[in-house]
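Source file: input.cif; contents: mmCIF, C-alpha atoms.
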```cif
data_work
loop_
_atom_site.group_PDB
_atom_site.id
_atom_site.type_symbol
_atom_site.label_atom_id
_atom_site.label_comp_id
_atom_site.auth_asym_id
_atom_site.auth_seq_id
_atom_site.Cartn_x
_atom_site.Cartn_y
_atom_site.Cartn_z
ATOM 1 C CA MET A 1 0.000 0.000 0.000
ATOM 2 C CA LYS A 2 1.095 3.546 -0.642
ATOM 3 C CA SER A 3 1.502 5.938 2.289
ATOM 4 C CA GLU A 4 -1.394 8.062 0.995
ATOM 5 C CA GLU A 5 -3.660 4.981 1.046
ATOM 6 C CA ILE A 6 -2.627 4.162 4.624
ATOM 7 C CA ALA A 7 -3.294 7.743 5.745
ATOM 8 C CA ARG A 8 -6.683 7.726 4.024
ATOM 9 C CA TYR A 9 -7.588 4.378 5.621
ATOM 10 C CA LEU A 10 -6.737 5.641 9.124
ATOM 11 C CA GLN A 11 -8.757 8.812 8.529
ATOM 12 C CA ASP A 12 -11.732 6.819 7.320
ATOM 13 C CA ASN A 13 -11.440 4.259 10.141
ATOM 14 C CA PRO A 14 -10.743 6.137 13.421
ATOM 15 C CA GLN A 15 -11.782 3.046 15.394
ATOM 16 C CA PHE A 16 -8.584 1.326 14.219
ATOM 17 C CA PHE A 17 -6.541 2.622 17.169
ATOM 18 C CA GLU A 18 -9.317 1.713 19.599
ATOM 19 C CA GLU A 19 -9.182 -1.848 18.333
ATOM 20 C CA HIS A 20 -5.345 -1.833 18.462
ATOM 21 C CA ALA A 21 -4.681 0.449 21.443
ATOM 22 C CA ASP A 22 -1.362 -1.247 22.329
ATOM 23 C CA LEU A 23 -0.018 -0.442 18.855
ATOM 24 C CA VAL A 24 0.273 3.260 19.661
ATOM 25 C CA SER A 25 2.698 2.610 22.509
ATOM 26 C CA ARG A 26 4.789 0.181 20.463
ATOM 27 C CA ILE A 27 5.287 2.304 17.314
ATOM 28 C CA VAL A 28 8.351 4.565 17.483
ATOM 29 C CA ILE A 29 9.224 7.412 15.136
ATOM 30 C CA PRO A 30 12.224 9.756 14.802
ATOM 31 C CA HIS A 31 12.489 12.570 17.320
ATOM 32 C CA PRO A 32 11.716 15.881 15.519
ATOM 33 C CA HIS A 33 15.016 17.327 16.735
ATOM 34 C CA GLY A 34 17.069 14.194 16.046
ATOM 35 C CA GLY A 35 19.119 11.946 18.317
ATOM 36 C CA ARG A 36 16.634 9.204 19.224
ATOM 37 C CA THR A 37 13.250 7.656 18.528
ATOM 38 C CA ILE A 38 10.087 8.313 20.497
ATOM 39 C CA SER A 39 6.566 6.956 20.667
ATOM 40 C CA ILE A 40 3.694 8.465 18.712
ATOM 41 C CA THR A 41 2.231 9.743 21.991
ATOM 42 C CA GLU A 42 5.467 11.558 22.851
ATOM 43 C CA ARG A 43 5.634 12.960 19.325
ATOM 44 C CA GLN A 44 2.113 14.311 19.655
ATOM 45 C CA MET A 45 3.001 15.948 22.982
ATOM 46 C CA LEU A 46 6.050 17.593 21.405
ATOM 47 C CA SER A 47 3.930 18.792 18.498
ATOM 48 C CA LEU A 48 1.392 20.341 20.869
ATOM 49 C CA ARG A 49 4.203 21.948 22.868
ATOM 50 C CA ASP A 50 5.658 23.487 19.684
ATOM 51 C CA LYS A 51 2.236 24.799 18.679
ATOM 52 C CA ASN A 52 1.784 26.325 22.121
ATOM 53 C CA LYS A 53 5.129 28.112 21.798
ATOM 54 C CA LEU A 54 4.058 29.518 18.423
ATOM 55 C CA LEU A 55 0.752 30.692 19.893
ATOM 56 C CA GLU A 56 2.552 32.268 22.860
ATOM 57 C CA GLY A 57 4.883 34.078 20.443
ATOM 58 C CA LYS A 58 1.932 35.403 18.426
ATOM 59 C CA MET A 59 0.155 36.468 21.612
ATOM 60 C CA ASP A 60 3.245 38.351 22.807
ATOM 61 C CA GLU A 61 3.455 40.026 19.395
ATOM 62 C CA LEU A 62 -0.213 41.077 19.549
ATOM 63 C CA LEU A 63 0.250 42.438 23.067
ATOM 64 C CA GLN A 64 3.279 44.421 21.901
ATOM 65 C CA PHE A 65 1.292 45.861 18.977
ATOM 66 C CA GLY A 66 -1.522 46.737 21.376
ATOM 67 C CA GLU A 67 0.839 48.547 23.733
ATOM 68 C CA GLU A 68 2.415 50.449 20.826
ATOM 69 C CA ASN A 69 -1.015 51.476 19.527
ATOM 70 C CA ASP A 70 -2.057 52.624 23.010
ATOM 71 C CA SER A 71 1.100 54.728 23.234
ATOM 72 C CA ILE A 72 0.532 56.307 19.807
ATOM 73 C CA SER A 73 -3.138 56.969 20.622
ATOM 74 C CA GLU A 74 -2.116 58.764 23.813
ATOM 75 C CA LYS A 75 0.349 60.932 21.880
ATOM 76 C CA MET A 76 -2.276 61.731 19.250
ATOM 77 C CA HIS A 77 -4.682 62.725 22.019
ATOM 78 C CA ARG A 78 -2.135 65.111 23.543
ATOM 79 C CA LEU A 79 -1.484 66.650 20.133
ATOM 80 C CA ALA A 80 -5.207 67.061 19.441
ATOM 81 C CA VAL A 81 -5.854 68.739 22.803
ATOM 82 C CA ALA A 82 -2.932 71.125 22.289
ATOM 83 C CA MET A 83 -4.051 72.093 18.770
ATOM 84 C CA ILE A 84 -7.624 72.702 19.904
ATOM 85 C CA ALA A 85 -6.270 75.172 22.464
ATOM 86 C CA ALA A 86 -4.086 76.982 19.897
ATOM 87 C CA SER A 87 -5.615 80.270 18.756
ATOM 88 C CA THR A 88 -3.067 81.565 16.243
ATOM 89 C CA PHE A 89 -1.301 80.288 13.146
ATOM 90 C CA GLN A 90 2.110 80.479 14.819
ATOM 91 C CA ALA A 91 0.790 78.586 17.848
ATOM 92 C CA VAL A 92 -0.510 75.748 15.664
ATOM 93 C CA LEU A 93 2.830 75.549 13.847
ATOM 94 C CA HIS A 94 4.757 75.494 17.132
ATOM 95 C CA ILE A 95 2.554 72.786 18.651
ATOM 96 C CA LEU A 96 2.686 70.645 15.520
ATOM 97 C CA ASN A 97 6.481 70.856 15.304
ATOM 98 C CA PHE A 98 7.012 70.368 19.039
ATOM 99 C CA HIS A 99 4.816 67.287 19.398
ATOM 100 C CA LEU A 100 6.014 65.579 16.215
ATOM 101 C CA ARG A 101 9.677 66.075 17.118
ATOM 102 C CA ASP A 102 9.565 65.549 20.884
ATOM 103 C CA ASP A 103 6.641 63.167 21.354
ATOM 104 C CA PHE A 104 6.798 61.165 18.111
ATOM 105 C CA ALA A 105 10.581 61.470 17.594
ATOM 106 C CA ILE A 106 10.179 62.642 13.989
ATOM 107 C CA PRO A 107 13.350 64.675 13.400
ATOM 108 C CA HIS A 108 12.249 66.756 10.412
ATOM 109 C CA VAL A 109 8.871 68.386 9.900
ATOM 110 C CA ALA A 110 7.846 70.830 7.162
ATOM 111 C CA LEU A 111 4.589 71.959 5.625
ATOM 112 C CA ARG A 112 3.353 74.102 2.785
ATOM 113 C CA LEU A 113 0.017 75.857 2.342
ATOM 114 C CA TRP A 114 -1.143 76.865 -1.092
ATOM 115 C CA ASN A 115 -2.789 80.200 -0.244
ATOM 116 C CA ARG A 116 -1.599 82.911 2.163
ATOM 117 C CA PRO A 117 -4.232 85.090 3.841
ATOM 118 C CA GLU A 118 -3.606 88.845 3.712
ATOM 119 C CA ASN A 119 -3.232 89.117 7.478
ATOM 120 C CA ILE A 120 -0.372 86.565 7.596
ATOM 121 C CA ASP A 121 3.273 87.434 6.986
ATOM 122 C CA GLU A 122 5.273 85.784 4.222
ATOM 123 C CA LEU A 123 6.675 82.635 5.789
ATOM 124 C CA PRO A 124 8.365 79.450 4.454
ATOM 125 C CA GLU A 125 5.041 77.655 4.955
ATOM 126 C CA PHE A 126 3.555 79.797 2.146
ATOM 127 C CA ALA A 127 6.464 79.468 -0.291
ATOM 128 C CA ASN A 128 5.476 78.582 -3.840
ATOM 129 C CA VAL A 129 5.171 74.921 -4.773
ATOM 130 C CA SER A 130 4.969 73.531 -8.267
ATOM 131 C CA GLU A 131 1.667 72.816 -9.965
ATOM 132 C CA GLU A 132 2.853 69.231 -10.337
ATOM 133 C CA LEU A 133 3.142 68.807 -6.567
ATOM 134 C CA GLN A 134 -0.258 70.407 -6.016
ATOM 135 C CA VAL A 135 -1.820 67.940 -8.463
ATOM 136 C CA PHE A 136 0.018 65.085 -6.723
ATOM 137 C CA ALA A 137 -1.383 66.210 -3.357
ATOM 138 C CA GLU A 138 -4.876 66.494 -4.861
ATOM 139 C CA THR A 139 -4.774 62.882 -6.046
ATOM 140 C CA LEU A 140 -3.136 61.526 -2.892
ATOM 141 C CA GLY A 141 -5.775 59.260 -1.387
ATOM 142 C CA LEU A 142 -3.534 58.005 1.423
ATOM 143 C CA PRO A 143 -0.295 59.469 2.791
ATOM 144 C CA TYR A 144 2.753 58.663 0.681
ATOM 145 C CA CYS A 145 5.547 56.804 2.481
ATOM 146 C CA GLY A 146 8.879 56.014 0.874
ATOM 147 C CA SER A 147 11.978 57.535 -0.650
ATOM 148 C CA THR A 148 12.647 61.270 -0.918
ATOM 149 C CA ALA A 149 14.214 60.846 -4.363
ATOM 150 C CA GLY A 150 12.529 62.831 -7.106
ATOM 151 C CA PHE A 151 10.370 64.952 -4.811
ATOM 152 C CA GLU A 152 10.699 68.703 -4.514
ATOM 153 C CA THR A 153 9.620 68.299 -0.883
ATOM 154 C CA SER A 154 13.247 67.418 -0.095
ATOM 155 C CA SER A 155 14.125 71.111 -0.407
ATOM 156 C CA TRP A 156 11.684 71.925 2.380
ATOM 157 C CA PHE A 157 14.067 70.357 4.895
ATOM 158 C CA GLY A 158 16.931 72.754 4.184
ATOM 159 C CA ASP A 159 20.455 71.541 4.990
ATOM 160 C CA ALA A 160 19.139 68.192 6.270
ATOM 161 C CA ALA A 161 17.717 67.267 2.838
ATOM 162 C CA SER A 162 20.791 65.373 1.626
ATOM 163 C CA HIS A 163 20.768 63.143 4.721
ATOM 164 C CA LEU A 164 17.149 62.044 4.545
ATOM 165 C CA ARG A 165 16.367 58.496 3.422
ATOM 166 C CA SER A 166 12.593 58.333 3.847
ATOM 167 C CA GLN A 167 9.619 60.629 4.093
ATOM 168 C CA ALA A 168 5.866 60.709 4.628
ATOM 169 C CA LEU A 169 3.759 63.168 2.626
ATOM 170 C CA ILE A 170 0.281 63.984 3.945
ATOM 171 C CA ALA A 171 -2.220 66.035 1.967
ATOM 172 C CA MET A 172 -4.172 68.584 4.039
ATOM 173 C CA ARG A 173 -7.770 69.193 3.019
ATOM 174 C CA ASN A 174 -10.569 71.502 4.042
ATOM 175 C CA GLY A 175 -14.090 71.430 2.686
ATOM 176 C CA GLY A 176 -13.161 68.802 0.125
ATOM 177 C CA GLY A 177 -10.303 70.816 -1.388
ATOM 178 C CA THR A 178 -6.569 70.372 -0.820
ATOM 179 C CA ILE A 179 -5.034 73.298 1.077
ATOM 180 C CA GLY A 180 -1.468 72.079 1.529
ATOM 181 C CA MET A 181 0.852 69.263 2.506
ATOM 182 C CA ILE A 182 2.812 68.066 5.543
ATOM 183 C CA ALA A 183 6.201 66.433 4.970
ATOM 184 C CA LEU A 184 7.882 64.277 7.619
ATOM 185 C CA GLY A 185 11.504 63.296 7.024
ATOM 186 C CA SER A 186 13.901 60.800 8.579
ATOM 187 C CA GLU A 187 17.501 59.668 8.134
ATOM 188 C CA GLU A 188 16.263 56.083 8.597
ATOM 189 C CA ALA A 189 15.240 54.346 5.375
ATOM 190 C CA GLN A 190 12.677 52.196 7.196
ATOM 191 C CA ARG A 191 11.038 54.953 9.249
ATOM 192 C CA PHE A 192 8.564 55.662 6.446
ATOM 193 C CA TYR A 193 8.427 52.736 4.046
ATOM 194 C CA VAL A 194 6.163 51.681 1.191
ATOM 195 C CA GLY A 195 3.269 49.578 2.465
ATOM 196 C CA MET A 196 3.361 50.704 6.097
ATOM 197 C CA GLY A 197 0.135 51.487 7.945
ATOM 198 C CA THR A 198 -0.976 55.092 7.533
ATOM 199 C CA LEU A 199 -3.979 55.368 9.866
ATOM 200 C CA TYR A 200 -2.278 57.710 12.340
ATOM 201 C CA LEU A 201 -0.723 59.748 9.532
ATOM 202 C CA GLU A 202 -4.216 60.206 8.084
ATOM 203 C CA ARG A 203 -5.508 61.374 11.464
ATOM 204 C CA LEU A 204 -2.560 63.736 11.786
ATOM 205 C CA GLY A 205 -3.443 65.279 8.436
ATOM 206 C CA GLU A 206 -7.094 65.696 9.427
ATOM 207 C CA MET A 207 -6.229 67.332 12.760
ATOM 208 C CA ALA A 208 -3.639 69.681 11.248
ATOM 209 C CA SER A 209 -6.016 70.630 8.418
ATOM 210 C CA ALA A 210 -8.831 71.491 10.838
ATOM 211 C CA ALA A 211 -6.570 73.483 13.165
ATOM 212 C CA LEU A 212 -4.902 75.452 10.374
ATOM 213 C CA ALA A 213 -8.165 76.162 8.555
ATOM 214 C CA ARG A 214 -9.589 77.540 11.813
ATOM 215 C CA VAL A 215 -6.760 79.983 12.545
ATOM 216 C CA LEU A 216 -6.398 81.107 8.905
ATOM 217 C CA ARG A 217 -9.987 82.275 8.481
#
```
Show this structure as structure tokens.
Amino acid sequence: MKSEEIARYLQDNPQFFEEHADLVSRIVIPHPHGGRTISITERQMLSLRDKNKLLEGKMDELLQFGEENDSISEKMHRLAVAMIAASTFQAVLHILNFHLRDDFAIPHVALRLWNRPENIDELPEFANVSEELQVFAETLGLPYCGSTAGFETSSWFGDAASHLRSQALIAMRNGGGTIGMIALGSEEAQRFYVGMGTLYLERLGEMASAALARVLR
């Protein structure tokens, strides 16, 4: 008989081992880690032990993710509360920069707004951006994460631009239209990578958009 036929027979006839109970204790198979032979019962115990270790590892990983998410949520809450309290454009900028750098450990933060109100001084945040970048921001459904190569946003970071290896670009919107963009830069290539989760970056963009739109009225 072929091994597949034996396996199928045992599956179709579970009473076999009840009728031949002593057979289980007499059959020996190789130890999964080598060195000796063990009974089927011992092998099953080892298999269950290995599965338990895998489950414990996955549980530890889920707990770690949960703790990280709780920490990020707390930081986002602090940022939101601070921006709600801000009453001027400069205050919103200061809070955004402070929290992203000190709380989230994002070393480089820059933003651009397309239109400058008459009552606001000319600042780097209102410097001209290309029409191409504005169109890119308009079509950006989710924040972009990846390389800085080929993006004019690199120039927003000044002298640090040549050292940056990854960036996140977040479109800011108000009333359905795009009003600007936030750029986050890092010297670490894997800080902002293609395919990473962007939920908190999306929330950051929504909070910054609402706060800036309020103080620029």
Tell me which of A:Leu10, A:Val135, A:Ala91, A:Ala171 sits closest to Glu202 (chain A), counting all atoms listed in the file.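 Nearest candidate to Glu202 (chain A) out of A:Leu10, A:Val135, A:Ala91, A:Ala171: A:Ala171.
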Please work out which residues fall within 10 Å of (-15.5, 76.4, 5.4), coordinates as given in the file, with only C-alpha atoms counting, and return them as a list in words.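 Using only C-alpha atoms, the matching residues come out as Asn174, Gly175, Gly176, Ala210, Ala213, Arg214 and Arg217 of chain A.
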Between A:Ala110, A:Ala105, A:Leu140, A:Leu212, single out the one closest to Glu188 (chain A), counting only C-alpha atoms.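 Among the listed residues, A:Ala105 lies closest to Glu188 (chain A).
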Please write the residues picked by the PyMOL selection byres ((chain A and resi 83) around 9) on this file as a list in words.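 Applying the expression gives Arg78, Leu79, Ala80, Val81, Ala82, Ile84, Ala85, Ala86, Ser87, Ala91, Val92, Ile95, Leu96, Met207, Ala208 and Ala211 of chain A.
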Given the file shown, enumerate the residues that the PyMOL selection byres ((chain A and resi 124-133) around 12) captures and present them as a PyMOL selection string. chain A and resi 89-90+93+109-118+120-123+134-140+150-158+169-171+178-183+212
Could you give me, as an MDAnalysis selection string, the residues that have an atom at most 8 Å away from the point (-3.5, 59.4, 14.7) in the coordinates of the file, using only C-alpha atoms? chainID A and resid 72:73 76 199:204
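Distances from A:Gly197, A:Gly57, A:Pro107, A:Gly141 to Arg173 (chain A) were compared using all atoms listed in the file, and the smallest one belongs to A:Gly141.
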Tell me, as a PyMOL selection string, which residues lie within 12 Å of Met196 (chain A), counting only C-alpha atoms; anything in the same chain fewer than 5 positions away does not count. chain A and resi 142-146+167-168+190-191+201
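We find CA of Asn97 (chain A) and CA of Ser186 (chain A) to be spaced 14.2 Å apart.
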May I have the centre and edge lengths, in Å to one decimal, of an axis-aligned box around the listed atoms of region 170-176 of chain A with 5 Å added to every side, as lines of an AutoDock Vina configuration file?
```
center_x = -6.9
center_y = 67.7
center_z = 2.1
size_x = 24.4
size_y = 17.5
size_z = 13.9
```
Mind pulling up the distance from CA of Asp103 (chain A) to CA of Lys75 (chain A)? 6.7 Å
Take CA of Ser147 (chain A) and CA of Ser166 (chain A) and report the distance between them in Å, one decimal.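 Computing the Euclidean distance for CA of Ser147 (chain A) and CA of Ser166 (chain A) yields 4.6 Å.
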